[in-house]
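Data file: entry_3.csv. Format and content: CSV, C-alpha atoms.
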chain,number,residue,atom,x,y,z
A,113,MET,CA,51.4,107.6,-76.3
A,114,SER,CA,51.8,106.9,-72.6
A,115,GLU,CA,53.1,103.6,-71.5
A,116,LEU,CA,50.5,101.1,-70.2
A,117,ALA,CA,50.5,100.2,-66.5
A,118,ARG,CA,50.8,96.6,-65.4
A,119,THR,CA,49.3,94.9,-62.4
A,120,ALA,CA,51.3,92.9,-59.9
A,121,LEU,CA,50.0,89.8,-61.7
A,122,TYR,CA,51.3,90.6,-65.1
A,123,ASP,CA,54.0,87.9,-65.1
A,124,ALA,CA,51.4,85.3,-64.3
A,125,HIS,CA,49.4,86.3,-67.3
A,126,VAL,CA,52.4,86.1,-69.6
A,127,ALA,CA,53.3,82.7,-68.2
A,128,LEU,CA,49.7,81.6,-69.0
A,129,LYS,CA,50.0,82.9,-72.5
A,130,ALA,CA,47.2,85.3,-72.1
A,131,ARG,CA,46.2,87.7,-74.9
A,132,LEU,CA,47.0,91.1,-73.5
A,133,VAL,CA,45.2,94.3,-74.6
A,134,PRO,CA,45.1,97.9,-73.5
A,135,PHE,CA,42.3,98.5,-71.1
A,136,ALA,CA,41.7,101.6,-68.9
A,137,GLY,CA,45.4,102.5,-69.1
A,138,PHE,CA,46.6,98.9,-68.2
A,139,GLU,CA,47.9,96.0,-70.1
A,140,MET,CA,45.2,93.4,-69.2
A,141,PRO,CA,44.3,89.8,-70.2
A,142,ILE,CA,41.3,89.7,-72.5
A,143,GLN,CA,41.4,85.9,-72.7
A,144,TYR,CA,43.6,82.8,-72.0
A,145,ASP,CA,42.1,79.7,-73.6
A,146,GLY,CA,39.0,81.3,-75.1
A,147,ILE,CA,36.1,83.4,-73.9
A,148,VAL,CA,33.5,80.6,-74.1
A,149,ALA,CA,35.7,78.1,-72.2
A,150,GLU,CA,36.5,80.7,-69.5
A,151,HIS,CA,32.9,81.8,-69.2
A,152,THR,CA,31.8,78.1,-68.8
A,153,ARG,CA,34.6,77.7,-66.2
A,154,VAL,CA,33.0,80.3,-64.0
A,155,ARG,CA,29.4,79.0,-64.5
A,156,GLU,CA,30.4,75.4,-63.8
A,157,ALA,CA,33.6,75.3,-61.7
A,158,VAL,CA,35.7,78.3,-60.5
A,159,GLY,CA,37.6,81.1,-62.3
A,160,LEU,CA,40.2,83.7,-61.2
A,161,PHE,CA,40.1,87.2,-62.5
A,162,ASP,CA,42.8,89.8,-62.1
A,163,VAL,CA,40.8,93.0,-61.5
A,164,SER,CA,43.7,94.9,-59.9
A,165,HIS,CA,43.1,97.7,-62.4
A,166,MET,CA,40.1,98.8,-60.4
A,167,GLY,CA,40.5,101.8,-58.1
A,168,GLU,CA,40.3,101.9,-54.3
A,169,VAL,CA,39.5,105.1,-52.5
A,170,ARG,CA,39.7,105.3,-48.7
A,171,LEU,CA,37.8,107.7,-46.4
A,172,ARG,CA,39.0,107.9,-42.8
A,173,GLY,CA,37.8,110.2,-40.1
A,174,LYS,CA,34.8,111.1,-37.9
A,175,ASP,CA,32.7,112.1,-40.8
A,176,ALA,CA,33.7,109.3,-43.2
A,177,LEU,CA,30.1,107.9,-43.4
A,178,ALA,CA,28.6,111.3,-44.0
A,179,ALA,CA,31.2,112.1,-46.7
A,180,ALA,CA,30.5,108.8,-48.5
A,181,ASN,CA,26.7,109.5,-48.3
A,182,ARG,CA,27.3,112.8,-50.0
A,183,PHE,CA,28.9,111.1,-53.0
A,184,ALA,CA,26.6,108.1,-53.1
A,185,THR,CA,22.9,107.8,-54.1
A,186,ASN,CA,22.5,104.9,-51.7
A,187,ASP,CA,22.7,105.2,-47.9
A,188,LEU,CA,25.5,103.7,-45.8
A,189,ASN,CA,23.4,104.3,-42.7
A,190,ARG,CA,21.2,101.4,-43.8
A,191,ILE,CA,23.9,98.8,-43.4
A,192,ALA,CA,26.2,97.8,-40.5
A,193,ASN,CA,30.0,97.8,-40.3
A,194,GLY,CA,31.4,94.9,-42.2
A,195,ARG,CA,28.9,95.2,-45.0
A,196,ALA,CA,29.0,96.4,-48.6
A,197,GLN,CA,26.6,98.4,-50.7
A,198,TYR,CA,26.2,99.0,-54.5
A,199,THR,CA,25.6,102.6,-55.4
A,200,ALA,CA,25.8,105.2,-58.1
A,201,MET,CA,27.7,108.5,-57.8
A,202,CYS,CA,26.1,111.4,-59.7
A,203,ALA,CA,26.9,114.8,-61.0
A,204,PRO,CA,24.7,117.8,-59.9
A,205,ASP,CA,22.6,117.2,-63.1
A,206,GLY,CA,21.8,113.6,-61.9
A,207,THR,CA,23.8,111.9,-64.6
A,208,ILE,CA,26.1,109.0,-63.5
A,209,VAL,CA,29.7,109.8,-62.8
A,210,ASP,CA,30.4,106.2,-61.8
A,211,ASP,CA,28.8,103.1,-60.2
A,212,MET,CA,30.8,101.6,-57.4
A,213,ILE,CA,30.8,99.3,-54.4
A,214,VAL,CA,31.2,101.0,-51.0
A,215,TYR,CA,32.5,99.0,-48.0
A,216,ARG,CA,31.6,100.1,-44.5
A,217,LEU,CA,34.7,98.9,-42.6
A,218,ALA,CA,34.0,101.0,-39.5
A,219,ASP,CA,32.2,104.1,-38.5
A,220,ASP,CA,35.3,106.1,-39.4
A,221,ASP,CA,36.7,103.9,-42.2
A,222,VAL,CA,35.1,103.5,-45.7
A,223,LEU,CA,36.6,101.8,-48.7
A,224,ILE,CA,35.2,102.6,-52.1
A,225,CYS,CA,35.9,100.4,-55.2
A,226,VAL,CA,35.6,102.5,-58.4
A,227,ASN,CA,35.9,101.7,-62.1
A,228,ALA,CA,39.4,101.8,-63.5
A,229,SER,CA,38.6,104.1,-66.3
A,230,ASN,CA,37.0,106.6,-63.9
A,231,ARG,CA,39.5,106.5,-61.1
A,232,HIS,CA,41.0,110.0,-61.5
A,233,THR,CA,37.6,111.6,-62.4
A,234,ASP,CA,36.0,110.0,-59.4
A,235,VAL,CA,38.7,111.1,-57.0
A,236,ALA,CA,38.5,114.7,-58.4
A,237,HIS,CA,34.7,114.6,-58.0
A,238,MET,CA,34.9,113.3,-54.4
A,239,ARG,CA,37.5,115.9,-53.4
A,240,GLU,CA,35.3,118.7,-54.9
A,241,HIS,CA,32.4,117.6,-52.8
A,242,LEU,CA,34.3,116.5,-49.7
A,243,ARG,CA,32.9,117.9,-46.4
A,244,GLY,CA,33.6,117.4,-42.7
A,245,ASP,CA,36.4,115.8,-40.6
A,246,VAL,CA,37.5,113.2,-43.1
A,247,GLU,CA,40.7,112.3,-45.1
A,248,LEU,CA,40.4,111.0,-48.6
A,249,THR,CA,43.2,108.8,-50.0
A,250,ASP,CA,43.6,107.2,-53.4
A,251,GLU,CA,45.0,103.8,-52.5
A,252,SER,CA,44.6,102.3,-55.9
A,253,ASP,CA,48.3,101.8,-56.6
A,254,SER,CA,48.8,99.9,-53.3
A,255,TRP,CA,46.1,97.2,-53.8
A,256,SER,CA,45.8,94.1,-56.0
A,257,GLN,CA,42.3,92.6,-56.4
A,258,ILE,CA,41.6,89.0,-57.3
A,259,ALA,CA,38.0,87.9,-58.0
A,260,VAL,CA,37.3,84.2,-57.3
A,261,GLN,CA,33.9,83.2,-58.8
A,262,GLY,CA,32.0,80.0,-59.5
A,263,PRO,CA,30.1,77.1,-57.8
A,264,HIS,CA,33.4,75.9,-56.2
A,265,ALA,CA,34.7,79.3,-55.3
A,266,THR,CA,33.8,79.2,-51.6
A,267,GLU,CA,35.5,75.8,-51.2
A,268,LEU,CA,38.7,77.2,-52.8
A,269,LEU,CA,38.6,80.4,-50.7
A,270,ASP,CA,38.2,78.4,-47.5
A,271,ARG,CA,41.3,76.4,-48.4
A,272,VAL,CA,43.4,79.5,-49.1
A,273,ILE,CA,42.2,82.3,-46.8
A,274,GLY,CA,39.7,80.4,-44.5
A,275,LYS,CA,36.3,81.1,-43.0
A,276,THR,CA,34.5,82.5,-46.0
A,277,SER,CA,31.8,79.9,-47.0
A,278,LYS,CA,29.3,81.0,-44.3
A,279,LEU,CA,29.4,84.7,-45.2
A,280,ARG,CA,26.3,86.1,-46.9
A,281,PRO,CA,26.6,88.3,-50.0
A,282,PHE,CA,27.9,91.9,-49.6
A,283,ARG,CA,30.0,91.3,-46.5
A,284,ILE,CA,33.6,92.2,-46.0
A,285,ARG,CA,36.0,90.7,-43.5
A,286,GLU,CA,39.7,90.9,-42.7
A,287,ARG,CA,41.6,87.6,-43.3
A,288,THR,CA,45.3,86.6,-43.3
A,289,PHE,CA,47.3,85.2,-46.1
A,290,ALA,CA,51.1,84.4,-45.8
A,291,GLY,CA,51.2,86.4,-42.6
A,292,THR,CA,49.7,89.4,-44.3
A,293,SER,CA,46.3,91.1,-43.7
A,294,VAL,CA,43.9,91.0,-46.7
A,295,LEU,CA,40.3,92.0,-47.2
A,296,PHE,CA,37.8,89.5,-48.5
A,297,ALA,CA,34.4,90.7,-49.8
A,298,THR,CA,31.5,88.6,-50.9
A,299,THR,CA,30.9,90.8,-54.0
A,300,GLY,CA,31.4,90.1,-57.6
A,301,TYR,CA,30.4,90.8,-61.2
A,302,THR,CA,29.3,87.4,-62.5
A,303,GLY,CA,26.2,86.3,-60.5
A,304,GLU,CA,28.1,83.3,-59.1
A,305,ARG,CA,29.3,82.4,-55.6
A,306,GLY,CA,32.6,83.6,-54.3
A,307,GLY,CA,34.1,87.0,-53.8
A,308,GLU,CA,36.9,89.4,-54.2
A,309,ILE,CA,40.2,89.6,-52.3
A,310,TYR,CA,41.9,92.9,-51.8
A,311,ALA,CA,45.6,92.2,-51.1
A,312,PRO,CA,48.8,94.3,-50.9
A,313,ASN,CA,50.7,94.1,-54.1
A,314,SER,CA,53.6,92.3,-52.3
A,315,VAL,CA,51.5,89.1,-51.8
A,316,ALA,CA,49.4,89.2,-54.9
A,317,MET,CA,51.5,86.8,-57.0
A,318,ALA,CA,51.8,84.3,-54.1
A,319,LEU,CA,48.0,84.5,-53.5
A,320,TRP,CA,47.3,83.9,-57.2
A,321,ASP,CA,49.6,80.9,-57.3
A,322,ALA,CA,48.0,79.5,-54.1
A,323,LEU,CA,44.6,79.8,-55.6
A,324,MET,CA,45.7,78.1,-58.8
A,325,THR,CA,47.5,75.3,-57.0
A,326,GLN,CA,45.0,74.5,-54.3
A,327,GLY,CA,42.1,74.8,-56.7
A,328,ALA,CA,43.4,72.4,-59.3
A,329,ASP,CA,41.0,69.6,-58.3
A,330,LEU,CA,38.1,72.0,-58.4
A,331,GLY,CA,38.7,73.0,-62.0
A,332,VAL,CA,40.1,76.4,-61.3
A,333,GLY,CA,41.5,78.5,-64.2
A,334,PRO,CA,42.2,82.1,-65.2
A,335,VAL,CA,39.5,84.2,-66.8
A,336,GLY,CA,40.0,87.4,-68.9
A,337,LEU,CA,38.0,90.5,-69.5
A,338,GLY,CA,36.2,89.0,-72.4
A,339,ALA,CA,34.4,86.4,-70.4
A,340,ARG,CA,34.0,88.9,-67.5
A,341,ASP,CA,31.9,90.9,-70.0
A,342,THR,CA,29.7,88.0,-71.2
A,343,LEU,CA,29.2,86.8,-67.6
A,344,ARG,CA,28.1,90.3,-66.3
A,345,LEU,CA,25.8,90.8,-69.4
A,346,GLU,CA,23.9,87.5,-68.7
A,347,MET,CA,23.2,89.0,-65.3
A,348,ALA,CA,22.3,92.4,-66.8
A,349,TYR,CA,24.9,94.1,-64.7
A,350,ALA,CA,25.6,97.6,-66.1
A,351,LEU,CA,29.0,98.4,-67.6
A,352,TYR,CA,30.1,102.0,-67.2
A,353,GLY,CA,30.9,103.5,-70.6
A,354,ASN,CA,28.3,101.3,-72.3
A,355,ASP,CA,25.1,101.1,-70.4
A,356,ILE,CA,25.6,104.0,-68.0
A,357,ASP,CA,27.6,107.2,-68.3
A,358,ARG,CA,27.3,111.0,-68.1
A,359,THR,CA,24.3,110.9,-70.5
A,360,THR,CA,22.2,108.6,-68.3
A,361,THR,CA,20.7,108.8,-64.9
A,362,PRO,CA,20.1,106.0,-62.4
A,363,LEU,CA,16.3,106.3,-62.8
A,364,GLU,CA,16.7,105.7,-66.6
A,365,ALA,CA,19.1,102.8,-66.1
A,366,GLY,CA,16.8,100.8,-63.7
A,367,LEU,CA,19.0,101.7,-60.7
A,368,GLU,CA,16.2,103.4,-58.8
A,369,TRP,CA,16.7,100.8,-56.1
A,370,VAL,CA,20.0,102.3,-55.1
A,371,VAL,CA,18.7,105.9,-55.0
A,372,ARG,CA,17.4,107.4,-51.8
A,373,LEU,CA,15.2,110.2,-52.9
A,374,ASP,CA,13.2,110.4,-49.6
A,375,ASP,CA,16.0,111.8,-47.5
A,376,GLY,CA,19.7,112.7,-47.5
A,377,ASP,CA,21.6,115.4,-49.5
A,378,PHE,CA,23.7,113.6,-52.0
A,379,VAL,CA,25.1,115.3,-55.1
A,380,GLY,CA,22.5,115.1,-57.9
A,381,ARG,CA,19.5,114.5,-55.6
A,382,ASP,CA,17.6,117.6,-56.6
A,383,ALA,CA,17.9,116.7,-60.3
A,384,LEU,CA,16.7,113.1,-59.7
A,385,VAL,CA,13.8,114.3,-57.5
A,386,ALA,CA,12.7,116.5,-60.4
A,387,GLN,CA,13.1,113.7,-62.9
A,388,ALA,CA,11.2,111.2,-60.8
A,389,ALA,CA,8.3,113.7,-60.4
A,390,LYS,CA,8.2,114.3,-64.2
A,391,GLY,CA,8.8,110.7,-65.1
A,392,VAL,CA,11.6,109.3,-67.3
A,393,SER,CA,11.2,109.3,-71.1
A,394,ARG,CA,13.4,106.2,-71.7
A,395,LYS,CA,14.4,103.0,-69.9
A,396,LEU,CA,17.3,100.5,-70.2
A,397,VAL,CA,15.7,97.2,-71.2
A,398,GLY,CA,16.8,93.7,-72.0
A,399,LEU,CA,16.4,92.5,-75.6
A,400,GLU,CA,16.6,89.1,-77.1
A,401,LEU,CA,16.8,88.4,-80.9
A,402,THR,CA,14.2,86.0,-82.1
A,403,GLU,CA,16.2,85.1,-85.2
A,404,ARG,CA,19.8,84.3,-85.9
A,405,GLY,CA,22.2,87.2,-85.4
A,406,ILE,CA,24.4,88.9,-82.7
A,407,PRO,CA,23.6,92.4,-81.5
A,408,ARG,CA,26.6,94.6,-80.8
A,409,PRO,CA,27.0,98.0,-79.0
A,410,GLY,CA,25.9,100.8,-81.3
A,411,TYR,CA,23.5,98.8,-83.4
A,412,PRO,CA,20.2,100.8,-84.0
A,413,ILE,CA,17.0,99.6,-82.3
A,414,ALA,CA,13.8,100.4,-84.3
A,415,HIS,CA,10.1,100.1,-84.0
A,416,ALA,CA,7.7,100.3,-87.0
A,417,GLY,CA,10.7,101.2,-89.1
A,418,ALA,CA,11.8,104.2,-87.0
A,419,VAL,CA,15.0,104.2,-85.0
A,420,VAL,CA,14.1,104.5,-81.3
A,421,GLY,CA,17.4,103.7,-79.6
A,422,SER,CA,20.6,101.8,-79.8
A,423,VAL,CA,22.2,98.7,-78.3
A,424,THR,CA,24.5,99.5,-75.3
A,425,SER,CA,25.8,96.0,-74.7
A,426,GLY,CA,25.2,92.8,-76.7
A,427,THR,CA,26.5,89.3,-77.2
A,428,LYS,CA,25.5,85.7,-77.8
A,429,SER,CA,25.1,84.2,-74.3
A,430,PRO,CA,27.5,81.3,-73.9
A,431,THR,CA,25.2,79.8,-71.3
A,432,THR,CA,21.8,79.9,-73.1
A,433,GLY,CA,23.0,80.2,-76.7
A,434,ARG,CA,20.6,83.2,-77.2
A,435,ALA,CA,21.5,86.6,-78.6
A,436,ILE,CA,21.0,89.1,-75.9
A,437,ALA,CA,21.4,92.9,-75.5
A,438,LEU,CA,20.7,95.9,-73.4
A,439,GLY,CA,19.6,99.2,-74.8
A,440,TYR,CA,17.6,102.4,-74.1
A,441,VAL,CA,14.1,102.6,-75.6
A,442,PRO,CA,11.1,105.0,-75.0
A,443,VAL,CA,9.1,104.1,-71.9
A,444,ALA,CA,6.1,103.3,-74.1
A,445,LEU,CA,8.2,100.5,-75.8
A,446,SER,CA,9.7,99.1,-72.6
A,447,ASP,CA,7.2,96.5,-71.6
A,448,THR,CA,8.2,92.9,-71.6
A,449,GLY,CA,7.1,91.3,-74.9
A,450,THR,CA,7.3,94.4,-77.0
A,451,GLU,CA,8.4,93.6,-80.5
A,452,LEU,CA,11.3,95.6,-81.9
A,453,THR,CA,14.0,95.2,-84.5
A,454,ILE,CA,17.8,95.6,-84.4
A,455,ASP,CA,19.9,96.6,-87.4
A,456,CYS,CA,22.8,94.1,-87.3
A,457,ARG,CA,25.3,95.5,-89.9
A,458,GLY,CA,22.6,96.3,-92.4
A,459,ARG,CA,20.4,93.3,-91.7
A,460,THR,CA,17.2,93.8,-89.8
A,461,LYS,CA,16.7,91.3,-87.1
A,462,SER,CA,13.5,90.7,-85.0
A,463,ALA,CA,13.9,91.2,-81.2
A,464,ARG,CA,11.6,91.5,-78.2
A,465,VAL,CA,11.9,93.1,-74.8
A,466,VAL,CA,12.5,90.4,-72.1
A,467,LYS,CA,12.6,90.3,-68.3
A,468,LEU,CA,16.0,90.8,-66.7
A,469,PRO,CA,18.3,89.3,-65.8
A,470,PHE,CA,18.8,87.1,-68.8
A,471,LEU,CA,20.1,84.3,-66.6
A,472,SER,CA,18.6,83.3,-63.2
A,473,ARG,CA,21.1,82.1,-60.6
A,474,ASP,CA,18.6,81.4,-57.8
Could the structure of this file be written out as structure tokens, please?
Amino acid sequence: MSELARTALYDAHVALKARLVPFAGFEMPIQYDGIVAEHTRVREAVGLFDVSHMGEVRLRGKDALAAANRFATNDLNRIANGRAQYTAMCAPDGTIVDDMIVYRLADDDVLICVNASNRHTDVAHMREHLRGDVELTDESDSWSQIAVQGPHATELLDRVIGKTSKLRPFRIRERTFAGTSVLFATTGYTGERGGEIYAPNSVAMALWDALMTQGADLGVGPVGLGARDTLRLEMAYALYGNDIDRTTTPLEAGLEWVVRLDDGDFVGRDALVAQAAKGVSRKLVGLELTERGIPRPGYPIAHAGAVVGSVTSGTKSPTTGRAIALGYVPVALSDTGTELTIDCRGRTKSARVVKLPFLSRD
């Protein structure tokens, strides 16, 4: 068994008595003082996440934008420099290799944040399809990433790295911390205000300490992967390996809004054009139990006694108290209000299809 990697913030997690677990090859904090408490911290105050396990891939050169557009189903030409874009990356058969955030830093400089578990697969996929005058570098081991999320996040960020509160979502800017250049992006995985700081490993601990110290009066605290999962599920944000993977396409997963079928030549486009013309046979939907129980990944979804799918993500929402889930069902059963059942460890529980997201943050 290979040794687990540790982020630059590992000592901070130990000092905070975090429960550490293996995740994507890293020893990561799953929780500190409880998933519900940490979840509530983000919804009501401000939470800090160590997401340094995520991967960072850099494209530099004259054809950086064109190269990124060949990997991505979305279109970087639709946004300006200094902005970010959510996208899928597909195999030739249209299935999802990964979902990722692409940052357009300049015409010749693109930063791509990929899922930790897919980092090496993603880099290999990108290199296989790389074209033009562009250099691809895996910079993952050089970066730390701290997510700062919650109603008081922007106030805290202004105190520590300055000039962030007026930035609109999906922007990225260079800032300075302790004399060192960092990147700040107004992106996240919780549905709350704030953003994510990409910092060199050398200043990561000092940055974490500054955020914790200067945010004490704002209710700041650490948040582990457990609450990160419940927060993203309330917003119906897909999790790779659960809700999307190499058996699903963006059109099935409700991600058609990040797929440019009308133009471009990205990997997998032909397969998705064909699927769009034929129509998908299944869709990822939101489900809510109408009786007591908690749906978990893998639980069978049924209609009229016949299994029609399975839960991909599920939990009891800490914010609403309702039992919620995502899962693929036939298109004919995907309309809001459709009555289904979920087999929760041998007990049949009534459920219905509901509108997504489960929680509105308008």
Pick from A:Val214, A:Ala149, A:Ala136, A:Ala130 nearest to A:His232, counting all atoms listed in the file: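 Smallest distance to A:His232 is found for A:Ala136.
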Two-atom distance - atom CA of A:Asp375, atom CA of A:Asn189 (Å): 11.6 Å
Using all atoms listed in the file: which of A:Ile356, A:Ala297, A:Val148, A:Val315 has the shortest distance to A:Thr431: A:Val148
Per residue of stretch 174-269 of chain A within 10 Å of stretch 322-332 of chain A, what are the shortest atom pair and its distance in Å to one decimal, counting only C-alpha atoms, with rows by chain and residue number, as JSON lines?
{"residue": "A:Ile258", "atom": "CA", "partner": "A:Leu323", "partner_atom": "CA", "distance": 9.8}
{"residue": "A:Val260", "atom": "CA", "partner": "A:Leu323", "partner_atom": "CA", "distance": 8.7}
{"residue": "A:Gln261", "atom": "CA", "partner": "A:Val332", "partner_atom": "CA", "distance": 9.5}
{"residue": "A:Gly262", "atom": "CA", "partner": "A:Val332", "partner_atom": "CA", "distance": 9.0}
{"residue": "A:Pro263", "atom": "CA", "partner": "A:Leu330", "partner_atom": "CA", "distance": 9.5}
{"residue": "A:His264", "atom": "CA", "partner": "A:Leu330", "partner_atom": "CA", "distance": 6.5}
{"residue": "A:Ala265", "atom": "CA", "partner": "A:Val332", "partner_atom": "CA", "distance": 8.6}
{"residue": "A:Glu267", "atom": "CA", "partner": "A:Leu330", "partner_atom": "CA", "distance": 8.5}
{"residue": "A:Leu268", "atom": "CA", "partner": "A:Gly327", "partner_atom": "CA", "distance": 5.7}
{"residue": "A:Leu269", "atom": "CA", "partner": "A:Leu323", "partner_atom": "CA", "distance": 7.8}
Using only C-alpha atoms, please write the residues we just selected to a file, as an mmCIF file, keeping the file's coordinate frame.
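Saved file selection.cif follows:
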data_model
loop_
_atom_site.group_PDB
_atom_site.id
_atom_site.type_symbol
_atom_site.label_atom_id
_atom_site.label_comp_id
_atom_site.auth_asym_id
_atom_site.auth_seq_id
_atom_site.Cartn_x
_atom_site.Cartn_y
_atom_site.Cartn_z
ATOM 1 C CA ILE A 258 41.600 89.000 -57.300
ATOM 2 C CA VAL A 260 37.300 84.200 -57.300
ATOM 3 C CA GLN A 261 33.900 83.200 -58.800
ATOM 4 C CA GLY A 262 32.000 80.000 -59.500
ATOM 5 C CA PRO A 263 30.100 77.100 -57.800
ATOM 6 C CA HIS A 264 33.400 75.900 -56.200
ATOM 7 C CA ALA A 265 34.700 79.300 -55.300
ATOM 8 C CA GLU A 267 35.500 75.800 -51.200
ATOM 9 C CA LEU A 268 38.700 77.200 -52.800
ATOM 10 C CA LEU A 269 38.600 80.400 -50.700
#
Top pick for closest residue to A:Gly307, considering A:Val465, A:Leu367, A:Leu401, A:Leu160 and counting all atoms listed in the file: A:Leu160
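Shell of stretch 419-421 of chain A at 6 Å, with only C-alpha atoms counted and residues fewer than 4 places along the chain excluded, is Pro412, Ile413, Ala414, Tyr440 and Val441 of chain A.
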Residue with smallest distance to A:Tyr411 - pool A:Gly433, A:Gly146, A:Gly439, A:Gly391, counting only C-alpha atoms: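 Closest candidate: A:Gly439.
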Polymer residues at most 12 Å from A:Thr249, only C-alpha atoms, same-chain spacing of 5 or more positions, as a list in words: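 Counting only C-alpha atoms, the residues come to Gly167, Glu168, Val169, Arg170, Leu171, Arg172, Gly173, Ala176, Asp221, Val222, Leu223, Ile224, Arg231, His232, Asp234, Val235, Ala236, Met238, Arg239, Leu242 and Ser254 of chain A.
Between atom CA of A:Gly449 and atom CA of A:Phe470 lies a distance of 13.8 Å.
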A:Ala259 environment, 7 Å, all atoms listed in the file, sequence neighbours closer than 4 positions dropped, as a ChimeraX atom specification: /A:160-163,300,307-309
How would stretch 276-296 of chain A look with N, CA and C atoms restored, written as an mmCIF file, in the coordinates of the input?
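result10.cif, written as the output of this step:
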data_model
loop_
_atom_site.group_PDB
_atom_site.id
_atom_site.type_symbol
_atom_site.label_atom_id
_atom_site.label_comp_id
_atom_site.auth_asym_id
_atom_site.auth_seq_id
_atom_site.Cartn_x
_atom_site.Cartn_y
_atom_site.Cartn_z
ATOM 1 N N THR A 276 35.222 81.611 -45.133
ATOM 2 C CA THR A 276 34.500 82.500 -46.000
ATOM 3 C C THR A 276 33.132 81.908 -46.447
ATOM 4 N N SER A 277 32.988 80.598 -46.405
ATOM 5 C CA SER A 277 31.800 79.900 -47.000
ATOM 6 C C SER A 277 30.507 80.304 -46.318
ATOM 7 N N LYS A 278 30.538 80.707 -45.055
ATOM 8 C CA LYS A 278 29.300 81.000 -44.300
ATOM 9 C C LYS A 278 28.920 82.497 -44.429
ATOM 10 N N LEU A 279 29.749 83.293 -45.086
ATOM 11 C CA LEU A 279 29.400 84.700 -45.200
ATOM 12 C C LEU A 279 28.344 84.936 -46.250
ATOM 13 N N ARG A 280 27.391 85.790 -45.924
ATOM 14 C CA ARG A 280 26.300 86.100 -46.900
ATOM 15 C C ARG A 280 26.843 87.160 -47.869
ATOM 16 N N PRO A 281 26.119 87.360 -48.978
ATOM 17 C CA PRO A 281 26.600 88.300 -50.000
ATOM 18 C C PRO A 281 26.693 89.756 -49.396
ATOM 19 N N PHE A 282 27.590 90.511 -49.962
ATOM 20 C CA PHE A 282 27.900 91.900 -49.600
ATOM 21 C C PHE A 282 28.325 92.066 -48.173
ATOM 22 N N ARG A 283 29.242 91.169 -47.792
ATOM 23 C CA ARG A 283 30.000 91.300 -46.500
ATOM 24 C C ARG A 283 31.440 91.483 -46.821
ATOM 25 N N ILE A 284 32.175 92.049 -45.886
ATOM 26 C CA ILE A 284 33.600 92.200 -46.000
ATOM 27 C C ILE A 284 34.266 91.893 -44.683
ATOM 28 N N ARG A 285 35.348 91.105 -44.723
ATOM 29 C CA ARG A 285 36.000 90.700 -43.500
ATOM 30 C C ARG A 285 37.552 90.739 -43.740
ATOM 31 N N GLU A 286 38.277 90.919 -42.667
ATOM 32 C CA GLU A 286 39.700 90.900 -42.700
ATOM 33 C C GLU A 286 40.157 89.397 -42.575
ATOM 34 N N ARG A 287 41.087 88.959 -43.413
ATOM 35 C CA ARG A 287 41.600 87.600 -43.300
ATOM 36 C C ARG A 287 43.161 87.723 -43.437
ATOM 37 N N THR A 288 43.825 86.600 -43.248
ATOM 38 C CA THR A 288 45.300 86.600 -43.300
ATOM 39 C C THR A 288 45.759 85.594 -44.348
ATOM 40 N N PHE A 289 46.703 86.054 -45.170
ATOM 41 C CA PHE A 289 47.300 85.200 -46.100
ATOM 42 C C PHE A 289 48.852 85.406 -46.057
ATOM 43 N N ALA A 290 49.609 84.328 -45.879
ATOM 44 C CA ALA A 290 51.100 84.400 -45.800
ATOM 45 C C ALA A 290 51.509 85.454 -44.768
ATOM 46 N N GLY A 291 50.800 85.494 -43.652
ATOM 47 C CA GLY A 291 51.200 86.400 -42.600
ATOM 48 C C GLY A 291 50.790 87.863 -42.857
ATOM 49 N N THR A 292 50.047 88.092 -43.942
ATOM 50 C CA THR A 292 49.700 89.400 -44.300
ATOM 51 C C THR A 292 48.176 89.630 -44.297
ATOM 52 N N SER A 293 47.735 90.764 -43.795
ATOM 53 C CA SER A 293 46.300 91.100 -43.700
ATOM 54 C C SER A 293 45.765 91.359 -45.124
ATOM 55 N N VAL A 294 44.653 90.724 -45.469
ATOM 56 C CA VAL A 294 43.900 91.000 -46.700
ATOM 57 C C VAL A 294 42.481 91.229 -46.390
ATOM 58 N N LEU A 295 41.761 91.821 -47.318
ATOM 59 C CA LEU A 295 40.300 92.000 -47.200
ATOM 60 C C LEU A 295 39.594 91.089 -48.124
ATOM 61 N N PHE A 296 38.592 90.390 -47.611
ATOM 62 C CA PHE A 296 37.800 89.500 -48.500
ATOM 63 C C PHE A 296 36.349 90.018 -48.460
#
